[in-house]
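S.K.: Input model19.txt, format and content: compact mmCIF, C-alpha atoms and all ligand atoms.
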```
# COMPACT_ATOMS: atom_id res chain seq x y z
CA MET A 1 -8.84 -40.63 -12.60
CA ARG A 2 -5.38 -42.01 -11.85
CA LEU A 3 -4.44 -43.83 -8.65
CA THR A 4 -0.77 -44.15 -7.77
CA VAL A 5 0.49 -46.23 -4.87
CA VAL A 6 3.26 -44.17 -3.30
CA GLY A 7 3.61 -46.25 -0.13
CA CYS A 8 2.02 -49.59 0.71
CA ALA A 9 4.06 -50.77 3.69
CA GLY A 10 1.97 -51.37 6.78
CA SER A 11 2.87 -50.15 10.26
CA PHE A 12 6.46 -49.30 9.36
CA PRO A 13 8.33 -48.67 6.09
CA GLY A 14 10.01 -51.53 4.28
CA PRO A 15 13.08 -51.60 2.03
CA ASP A 16 10.97 -51.11 -1.09
CA SER A 17 8.15 -48.86 0.09
CA PRO A 18 7.32 -46.05 2.47
CA SER A 19 4.40 -46.40 4.85
CA SER A 20 0.89 -45.64 3.59
CA CYS A 21 0.50 -42.97 0.90
CA TYR A 22 -1.59 -42.78 -2.26
CA LEU A 23 -1.94 -40.14 -4.95
CA LEU A 24 -5.28 -39.64 -6.70
CA GLU A 25 -5.39 -37.35 -9.73
CA ALA A 26 -8.19 -36.07 -11.94
CA ASP A 27 -8.69 -32.90 -14.01
CA GLY A 28 -5.19 -31.77 -13.00
CA PHE A 29 -6.05 -31.93 -9.28
CA ARG A 30 -3.73 -33.91 -7.01
CA LEU A 31 -5.06 -35.36 -3.77
CA VAL A 32 -2.64 -37.14 -1.45
CA ILE A 33 -4.25 -39.75 0.77
CA ASP A 34 -2.27 -40.54 3.94
CA MET A 35 1.35 -39.61 4.49
CA GLY A 36 3.17 -42.29 6.46
CA HIS A 37 6.88 -42.60 7.23
CA GLY A 38 9.00 -41.66 4.22
CA ALA A 39 6.04 -40.89 1.97
CA LEU A 40 7.11 -37.39 0.99
CA GLY A 41 10.33 -38.66 -0.58
CA VAL A 42 8.77 -41.11 -3.03
CA LEU A 43 5.76 -38.86 -3.57
CA GLN A 44 8.07 -36.37 -5.30
CA ARG A 45 8.61 -38.89 -8.12
CA PHE A 46 4.96 -38.39 -9.02
CA ALA A 47 4.04 -34.86 -7.90
CA GLY A 48 6.08 -31.80 -7.07
CA ILE A 49 5.77 -30.40 -3.57
CA ASP A 50 4.13 -27.31 -5.08
CA GLU A 51 1.72 -29.43 -7.13
CA ILE A 52 -0.18 -31.00 -4.25
CA ASP A 53 -3.68 -29.55 -4.00
CA ALA A 54 -5.06 -31.30 -0.90
CA VAL A 55 -4.26 -33.99 1.66
CA LEU A 56 -6.61 -36.45 3.33
CA LEU A 57 -5.50 -38.34 6.44
CA SER A 58 -7.54 -41.45 7.22
CA HIS A 59 -6.38 -41.52 10.85
CA LEU A 60 -3.64 -40.33 13.14
CA HIS A 61 -1.49 -43.41 13.55
CA ALA A 62 2.08 -42.43 12.70
CA ASP A 63 2.34 -44.73 9.69
CA HIS A 64 -0.50 -42.77 8.06
CA CYS A 65 0.17 -39.17 9.04
CA VAL A 66 3.67 -38.38 10.25
CA ASP A 67 5.08 -37.08 6.94
CA LEU A 68 2.50 -34.30 6.83
CA TYR A 69 4.98 -32.45 9.02
CA ALA A 70 7.69 -33.02 6.39
CA LEU A 71 5.34 -31.50 3.81
CA ARG A 72 4.89 -28.47 6.08
CA VAL A 73 8.67 -27.97 6.25
CA ALA A 74 9.09 -28.37 2.49
CA ARG A 75 6.27 -25.96 1.65
CA HIS A 76 7.06 -23.35 4.30
CA TYR A 77 10.83 -23.07 3.79
CA ALA A 78 10.81 -23.31 -0.01
CA PRO A 79 13.45 -21.09 -1.69
CA GLY A 80 10.76 -18.95 -3.28
CA GLY A 81 9.02 -18.30 0.02
CA PRO A 82 6.15 -20.08 1.74
CA MET A 83 3.73 -21.78 -0.60
CA PRO A 84 0.03 -20.97 -0.27
CA PRO A 85 -1.95 -23.07 2.19
CA ILE A 86 -3.71 -26.20 1.02
CA PRO A 87 -6.56 -28.05 2.75
CA VAL A 88 -5.95 -31.06 5.00
CA TYR A 89 -8.95 -33.29 5.72
CA ALA A 90 -8.31 -35.31 8.85
CA PRO A 91 -9.95 -36.64 12.01
CA ARG A 92 -10.43 -34.41 15.04
CA GLY A 93 -7.16 -33.55 16.80
CA ALA A 94 -4.95 -33.70 13.73
CA LEU A 95 -3.48 -30.20 14.06
CA GLY A 96 -2.27 -30.73 17.63
CA ARG A 97 -1.01 -34.19 16.82
CA ILE A 98 1.10 -33.09 13.85
CA ALA A 99 2.48 -30.15 15.86
CA LYS A 100 3.79 -32.61 18.46
CA VAL A 101 5.80 -34.34 15.74
CA HIS A 102 8.08 -31.30 15.81
CA GLY A 103 8.31 -31.36 19.62
CA VAL A 104 6.94 -27.89 20.23
CA ASP A 105 4.08 -26.72 22.39
CA ASP A 106 2.68 -24.16 19.97
CA LEU A 107 1.33 -24.85 16.49
CA ASP A 108 4.60 -23.80 14.83
CA GLY A 109 2.81 -22.23 11.86
CA LEU A 110 0.90 -25.38 11.01
CA ASP A 111 -2.37 -23.47 11.22
CA GLU A 112 -1.08 -21.12 8.50
CA CYS A 113 0.47 -23.74 6.22
CA PHE A 114 -2.72 -25.81 5.94
CA TYR A 115 -6.46 -25.26 6.05
CA TRP A 116 -7.65 -27.85 8.57
CA ARG A 117 -10.92 -29.60 7.79
CA GLU A 118 -12.29 -31.98 10.42
CA MET A 119 -13.64 -35.12 8.80
CA ARG A 120 -16.96 -36.67 9.67
CA ALA A 121 -18.81 -39.72 8.42
CA GLU A 122 -20.54 -37.88 5.57
CA SER A 123 -20.26 -36.95 1.90
CA PHE A 124 -18.27 -33.92 0.81
CA GLY A 125 -16.22 -32.64 -2.09
CA ILE A 126 -12.46 -32.28 -2.48
CA GLY A 127 -11.58 -30.62 -5.79
CA PRO A 128 -13.21 -32.71 -8.52
CA PHE A 129 -13.79 -35.72 -6.25
CA ILE A 130 -16.90 -36.70 -4.33
CA VAL A 131 -15.84 -38.26 -1.04
CA ASP A 132 -18.01 -40.56 1.06
CA ALA A 133 -16.40 -41.18 4.44
CA GLY A 134 -17.32 -43.81 7.01
CA HIS A 135 -15.95 -44.96 10.33
CA MET A 136 -13.79 -48.06 10.22
CA ASN A 137 -13.14 -50.69 12.88
CA HIS A 138 -9.78 -49.60 14.31
CA PRO A 139 -8.57 -48.53 17.80
CA VAL A 140 -8.53 -44.81 16.93
CA GLU A 141 -11.01 -42.79 14.90
CA THR A 142 -10.39 -43.93 11.33
CA PHE A 143 -12.17 -43.06 8.11
CA GLY A 144 -12.51 -45.33 5.11
CA VAL A 145 -13.38 -43.35 2.00
CA ARG A 146 -15.01 -43.85 -1.35
CA LEU A 147 -13.81 -41.36 -3.96
CA THR A 148 -15.81 -40.85 -7.14
CA HIS A 149 -15.04 -38.87 -10.27
CA GLY A 150 -16.67 -39.02 -13.68
CA GLY A 151 -18.39 -42.33 -13.04
CA ALA A 152 -15.25 -44.06 -11.76
CA SER A 153 -14.74 -44.94 -8.12
CA VAL A 154 -12.11 -46.08 -5.64
CA ALA A 155 -12.77 -47.28 -2.10
CA TYR A 156 -9.91 -47.11 0.39
CA SER A 157 -10.22 -49.10 3.60
CA ALA A 158 -7.55 -47.24 5.55
CA ASP A 159 -6.86 -49.50 8.57
CA THR A 160 -9.72 -51.64 9.76
CA GLY A 161 -10.82 -54.90 11.25
CA GLU A 162 -13.91 -56.54 9.80
CA SER A 163 -16.40 -53.83 8.89
CA ASP A 164 -19.88 -53.78 7.36
CA GLU A 165 -19.34 -50.08 6.76
CA LEU A 166 -16.41 -50.86 4.48
CA VAL A 167 -18.67 -53.14 2.42
CA ARG A 168 -21.22 -50.34 2.18
CA LEU A 169 -18.64 -47.78 1.08
CA ALA A 170 -17.24 -50.14 -1.54
CA ARG A 171 -20.56 -51.26 -3.05
CA ASP A 172 -19.94 -52.00 -6.80
CA VAL A 173 -16.75 -49.93 -6.71
CA ASP A 174 -14.27 -50.10 -9.59
CA VAL A 175 -11.18 -50.40 -7.38
CA ALA A 176 -11.20 -51.62 -3.79
CA LEU A 177 -7.91 -50.56 -2.19
CA PHE A 178 -8.09 -52.70 0.92
CA GLU A 179 -5.60 -53.29 3.64
CA ALA A 180 -4.29 -56.83 4.15
CA SER A 181 -1.98 -56.49 7.11
CA PHE A 182 -2.35 -60.05 8.31
CA LEU A 183 -2.34 -63.58 6.96
CA SER A 184 -4.95 -65.92 8.36
CA SER A 185 -2.23 -68.48 9.04
CA GLN A 186 -0.70 -66.22 11.68
CA PRO A 187 -1.57 -67.31 15.23
CA GLY A 188 -3.13 -65.07 17.86
CA LEU A 189 -4.29 -62.25 15.60
CA PRO A 190 -5.99 -59.39 17.47
CA ALA A 191 -9.58 -58.59 16.53
CA ASP A 192 -10.87 -55.20 15.37
CA VAL A 193 -7.51 -53.82 14.22
CA HIS A 194 -6.60 -55.10 10.74
CA LEU A 195 -7.82 -57.44 8.02
CA THR A 196 -6.22 -60.64 6.83
CA ALA A 197 -5.80 -60.95 3.07
CA ARG A 198 -8.68 -63.44 3.10
CA GLN A 199 -10.93 -61.04 4.98
CA ALA A 200 -10.03 -58.23 2.56
CA ALA A 201 -11.05 -60.49 -0.31
CA GLN A 202 -14.28 -61.47 1.44
CA HIS A 203 -15.16 -57.82 2.00
CA ALA A 204 -14.45 -57.01 -1.66
CA SER A 205 -16.60 -59.94 -2.76
CA ARG A 206 -19.50 -58.88 -0.56
CA ALA A 207 -19.22 -55.35 -1.97
CA GLY A 208 -19.17 -56.54 -5.57
CA ALA A 209 -15.91 -54.71 -6.28
CA GLY A 210 -14.46 -55.12 -9.77
CA HIS A 211 -10.77 -54.94 -8.89
CA LEU A 212 -9.19 -55.64 -5.52
CA VAL A 213 -5.83 -54.05 -4.76
CA LEU A 214 -4.29 -55.44 -1.59
CA THR A 215 -2.15 -53.02 0.39
CA HIS A 216 -0.70 -52.15 3.84
CA PHE A 217 1.68 -55.10 3.89
CA VAL A 218 3.69 -55.46 7.06
CA PRO A 219 7.24 -55.78 5.70
CA TRP A 220 7.94 -59.13 7.37
CA ASN A 221 5.10 -60.75 5.40
CA ASP A 222 5.42 -61.97 1.81
CA PRO A 223 2.83 -60.13 -0.35
CA GLU A 224 2.62 -63.15 -2.65
CA GLN A 225 1.25 -65.19 0.24
CA SER A 226 -1.35 -62.47 0.69
CA ARG A 227 -2.26 -62.76 -3.00
CA GLU A 228 -2.65 -66.53 -2.74
CA GLU A 229 -4.82 -66.21 0.34
CA ALA A 230 -7.04 -63.55 -1.21
CA ALA A 231 -7.42 -65.37 -4.53
CA GLY A 232 -9.46 -68.07 -2.83
CA SER A 233 -12.15 -65.59 -1.78
CA PHE A 234 -12.32 -63.08 -4.66
CA ASP A 235 -13.16 -63.82 -8.31
CA GLY A 236 -12.44 -60.37 -9.83
CA LYS A 237 -9.15 -58.82 -10.83
CA LEU A 238 -6.62 -59.05 -8.03
CA THR A 239 -3.48 -56.94 -7.68
CA VAL A 240 -0.82 -56.75 -5.00
CA ALA A 241 0.17 -53.12 -4.41
CA LYS A 242 3.76 -51.99 -4.69
CA SER A 243 5.28 -48.56 -4.55
CA GLY A 244 4.92 -46.96 -7.99
CA LEU A 245 1.89 -48.96 -9.12
CA THR A 246 -0.39 -46.76 -11.21
CA ILE A 247 -3.99 -47.57 -12.13
CA ASP A 248 -5.98 -45.50 -14.62
CA LEU A 249 -9.74 -45.71 -14.33
ZN ZN A 301 -3.73 -47.61 12.09
```
In structure tokens, write the structure found in this file.
Ligand SMILES: [Zn+2]
M.R.:
Amino acid sequence: MRLTVVGCAGSFPGPDSPSSCYLLEADGFRLVIDMGHGALGVLQRFAGIDEIDAVLLSHLHADHCVDLYALRVARHYAPGGPMPPIPVYAPRGALGRIAKVHGVDDLDGLDECFYWREMRAESFGIGPFIVDAGHMNHPVETFGVRLTHGGASVAYSADTGESDELVRLARDVDVALFEASFLSSQPGLPADVHLTARQAAQHASRAGAGHLVLTHFVPWNDPEQSREEAAGSFDGKLTVAKSGLTIDL
């Protein structure tokens, strides 16, 4: 299983990274997890537009889903004709939401370009992966996921405030890909929206994760400060995500 960080910028893209997007590959199957602003551009360094087998959207905030419409354009208007539909696993309402990105009232062919699969807090399969999904602590319906293949596992927090469910999903996981939008030194942080780097580390410690990868950095924060903050609360391997980071497991 190979995890590639395509985009790790939180809330809006930065100069060095698109918004959230990750590529998970195993047995020749390519699953794209989240497609935030600008994701489709950098994604093409790692997978061709015709090589994507499925997409999973953790939630419908723009910085996690808006480039799915760009993928629809690229696949539908390809020089060789429309590419066959691929499945999109997403929370309820995703189809209508993505259609609105194009500013039209009808579905604009989106129902033909993708197979829409409504996510629930349950276990299911996507290609060679076993997916365990759970609700996170965020203002809109948001799924954290644990993805398992061949004895290796990755847990992705998506966006979340403090969450016991995230600890459950990430129990003894190999790689905990956890958001660290905030620094605990920032004043007036809202509750139940995002994690600080320290909270991400505390969640990974409680879960017994082997390797914590911090991600979803708001571009005005310094990721190295996030690393320093997390290091005080996590004893395992600690990595700061950047666009292009690849982890084999
Ligand atoms: Zn969000």
S.K.: For a test of reading the model, state the distance in Å between CA of Pro13 (chain A) and CA of His216 (chain A), rounded to one decimal.
M.R.: 9.9 Å
S.K.: Measuring atom to atom with all atoms listed in the file, identify which of A:Ala121, A:Met136, A:Leu3, A:Ala152 is nearest to ligand ZN 301 (chain A).
M.R.: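 Counting all atoms listed in the file, the residue closest to ligand ZN 301 (chain A) is A:Met136.
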S.K.: Looking at A:Leu56, A:Ile247, A:Ile49, A:Trp116, which one is nearest to Pro82 (chain A), with distances taken over only C-alpha atoms?
M.R.: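 Comparing A:Leu56, A:Ile247, A:Ile49, A:Trp116 against Pro82 (chain A), the winner is A:Ile49.
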S.K.: Would you mind reading off the distance between CA of Thr160 (chain A) and CA of Phe143 (chain A), one decimal, in Å?
M.R.: 9.1 Å
S.K.: Tell me, as a ChimeraX atom specification, which residues lie within 8 Å of region 101-111 of chain A, counting all atoms listed in the file; anything in the same chain fewer than 5 positions away does not count.
M.R.: /A:66,69,72,95-96,116
S.K.: Per residue of chain A within 7 Å of ligand ZN 301 (chain A), record the nearest atom pair and its distance in Å to one decimal, counting all atoms listed in the file, with rows in chain order and ascending residue number, as CSV.
M.R.:
```
residue,atom,partner,partner_atom,distance
A:His59,CA,A:ZN301,ZN,6.8
A:His61,CA,A:ZN301,ZN,5.0
A:His138,CA,A:ZN301,ZN,6.7
A:Asp159,CA,A:ZN301,ZN,5.1
```
S.K.: Can you spit out the residues from that selection as a PDB file, in the coordinates of the input, using C-alpha atoms?
M.R.:
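This went into result-v1.pdb:
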```pdb
ATOM      1  CA  HIS A  59      -6.380 -41.520  10.850  1.00  0.00           C
ATOM      2  CA  HIS A  61      -1.490 -43.410  13.550  1.00  0.00           C
ATOM      3  CA  HIS A 138      -9.780 -49.600  14.310  1.00  0.00           C
ATOM      4  CA  ASP A 159      -6.860 -49.500   8.570  1.00  0.00           C
TER       5      ASP A 159
END
```
S.K.: Please compute the CA of Ala197 (chain A)-CA of His135 (chain A) distance, one decimal, in Å.
M.R.: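 CA of His135 (chain A) lies 20.3 Å from CA of Ala197 (chain A).
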